[in-house]
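Participant: Please read through the structure below; I'll follow up with questions.
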Amino acid sequence: MDILDHASEKLYEAFPDDPELEWDLRKSIGHAYLNLGHYRQCEKEAVRVYDLIRQEYGTTHDKTLEALEQLSFVYSILGYE
């Protein structure tokens with residue numbers, strides 16, 4: 001898991017001019033955390049993906065709504081209502 005944590009931290013500075021690449025990589029990292037049962041780390045990635053997409057496309061774009069749906073799924077696993 002240290003590898004995933006390290007990759008996640010490096011993404012903040014690695015792609016400042018390419019948010020789409022960052023969110024694609026964060027989605028992959030988030031799925032890995034989800035499959036490992038590390039839901040808090042998955043939540044962190046899902047929030048960042050949602051924020052990046054919302055900033056790029058606004059709140060009503062299909063990509064934003066898809067990211068929000070994935071974030072909601074993570075929240076449901078964590079027991080948020």
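By convention here, the chains of the structure tokens are called A, B, ... in the order presented, each chain's residues are numbered starting at 1, and ligands are numbered starting at 1 in the order presented.
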Which residues come within 10 Å of region 51-59 of chain A, counting only C-alpha atoms, excluding same-chain residues fewer than 4 positions away, as a list in words?

Facilitator: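 Answer for this query is Pro19, Glu20, Glu22, Trp23, Glu45, Ala46, Val47, Lys63, Thr64, Leu65, Glu66, Ala67 and Leu68 of chain A.
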
Participant: Considering only C-alpha atoms, tabulate each residue of region 22-65 of chain A that lies at most 10 Å from region 8-18 of chain A along with its nearest interatomic pair and the corresponding distance in Å to one decimal; arrange the rows by chain and ascending residue number and present them as a Markdown table.

Facilitator:
```
| residue | atom | partner | partner_atom | distance |
| --- | --- | --- | --- | --- |
| A:Glu22 | CA | A:Phe15 | CA | 6.2 |
| A:Trp23 | CA | A:Asp18 | CA | 9.0 |
| A:Leu25 | CA | A:Leu11 | CA | 8.2 |
| A:Arg26 | CA | A:Ser8 | CA | 7.0 |
| A:Ile29 | CA | A:Ser8 | CA | 7.3 |
| A:Gly30 | CA | A:Ser8 | CA | 9.2 |
| A:Gln41 | CA | A:Ser8 | CA | 9.5 |
| A:Lys44 | CA | A:Ser8 | CA | 9.5 |
| A:Glu45 | CA | A:Ser8 | CA | 7.9 |
| A:Arg48 | CA | A:Tyr12 | CA | 9.9 |
```

Participant: DSSP on the backbone: what in chain A comes out alpha helix (DSSP H), as a VMD selection string?

Facilitator: chain A and resid 2 to 14 19 to 36 39 to 57 62 to 78

Participant: Write out the residues from the selection above, keeping C-alpha atoms, as an mmCIF file, in the first residue's frame.

Facilitator:
```
data_model
loop_
_atom_site.group_PDB
_atom_site.id
_atom_site.type_symbol
_atom_site.label_atom_id
_atom_site.label_comp_id
_atom_site.auth_asym_id
_atom_site.auth_seq_id
_atom_site.Cartn_x
_atom_site.Cartn_y
_atom_site.Cartn_z
ATOM 1 C CA ASP A 2 2.954 2.337 0.469
ATOM 2 C CA ILE A 3 3.321 2.400 -3.308
ATOM 3 C CA LEU A 4 -0.269 3.604 -3.743
ATOM 4 C CA ASP A 5 0.143 6.217 -1.013
ATOM 5 C CA HIS A 6 3.344 7.479 -2.604
ATOM 6 C CA ALA A 7 1.786 7.617 -6.076
ATOM 7 C CA SER A 8 -1.229 9.492 -4.749
ATOM 8 C CA GLU A 9 0.939 12.132 -3.078
ATOM 9 C CA LYS A 10 3.118 12.605 -6.160
ATOM 10 C CA LEU A 11 0.102 13.222 -8.391
ATOM 11 C CA TYR A 12 -0.531 16.597 -6.741
ATOM 12 C CA GLU A 13 2.600 17.990 -8.359
ATOM 13 C CA ALA A 14 3.151 15.650 -11.304
ATOM 14 C CA PRO A 19 -6.082 17.452 -14.816
ATOM 15 C CA GLU A 20 -7.647 14.776 -17.013
ATOM 16 C CA LEU A 21 -4.568 12.564 -16.704
ATOM 17 C CA GLU A 22 -4.479 13.179 -12.949
ATOM 18 C CA TRP A 23 -8.102 12.177 -12.469
ATOM 19 C CA ASP A 24 -7.691 9.075 -14.641
ATOM 20 C CA LEU A 25 -4.725 7.977 -12.535
ATOM 21 C CA ARG A 26 -6.541 8.825 -9.297
ATOM 22 C CA LYS A 27 -9.553 6.769 -10.420
ATOM 23 C CA SER A 28 -7.226 3.802 -10.916
ATOM 24 C CA ILE A 29 -5.582 4.324 -7.531
ATOM 25 C CA GLY A 30 -9.018 4.687 -5.938
ATOM 26 C CA HIS A 31 -10.198 1.419 -7.482
ATOM 27 C CA ALA A 32 -7.083 -0.314 -6.163
ATOM 28 C CA TYR A 33 -7.779 1.016 -2.655
ATOM 29 C CA LEU A 34 -11.410 -0.090 -2.982
ATOM 30 C CA ASN A 35 -10.397 -3.611 -4.008
ATOM 31 C CA LEU A 36 -7.978 -3.773 -1.076
ATOM 32 C CA TYR A 39 -12.077 2.718 1.984
ATOM 33 C CA ARG A 40 -10.760 5.916 3.612
ATOM 34 C CA GLN A 41 -7.970 6.158 1.050
ATOM 35 C CA CYS A 42 -10.482 5.369 -1.687
ATOM 36 C CA GLU A 43 -12.661 8.203 -0.378
ATOM 37 C CA LYS A 44 -9.728 10.621 -0.566
ATOM 38 C CA GLU A 45 -9.111 9.724 -4.218
ATOM 39 C CA ALA A 46 -12.813 9.882 -5.118
ATOM 40 C CA VAL A 47 -13.137 13.350 -3.576
ATOM 41 C CA ARG A 48 -10.094 14.596 -5.490
ATOM 42 C CA VAL A 49 -11.391 13.129 -8.770
ATOM 43 C CA TYR A 50 -14.778 14.757 -8.227
ATOM 44 C CA ASP A 51 -13.170 18.127 -7.420
ATOM 45 C CA LEU A 52 -10.913 18.035 -10.485
ATOM 46 C CA ILE A 53 -13.719 17.104 -12.862
ATOM 47 C CA ARG A 54 -16.135 19.638 -11.340
ATOM 48 C CA GLN A 55 -13.541 22.403 -11.737
ATOM 49 C CA GLU A 56 -12.946 21.413 -15.355
ATOM 50 C CA TYR A 57 -16.535 20.792 -16.505
ATOM 51 C CA ASP A 62 -21.933 13.894 -17.365
ATOM 52 C CA LYS A 63 -18.339 13.296 -16.214
ATOM 53 C CA THR A 64 -18.974 15.303 -13.040
ATOM 54 C CA LEU A 65 -22.157 13.388 -12.309
ATOM 55 C CA GLU A 66 -20.370 10.068 -12.880
ATOM 56 C CA ALA A 67 -17.623 11.115 -10.436
ATOM 57 C CA LEU A 68 -20.278 12.152 -7.914
ATOM 58 C CA GLU A 69 -21.975 8.776 -8.309
ATOM 59 C CA GLN A 70 -18.689 6.991 -7.601
ATOM 60 C CA LEU A 71 -18.070 9.213 -4.584
ATOM 61 C CA SER A 72 -21.583 8.446 -3.328
ATOM 62 C CA PHE A 73 -20.851 4.731 -3.667
ATOM 63 C CA VAL A 74 -17.737 5.096 -1.511
ATOM 64 C CA TYR A 75 -19.703 7.114 1.041
ATOM 65 C CA SER A 76 -22.334 4.359 1.189
ATOM 66 C CA ILE A 77 -19.627 1.774 1.908
ATOM 67 C CA LEU A 78 -18.357 3.996 4.720
#
```
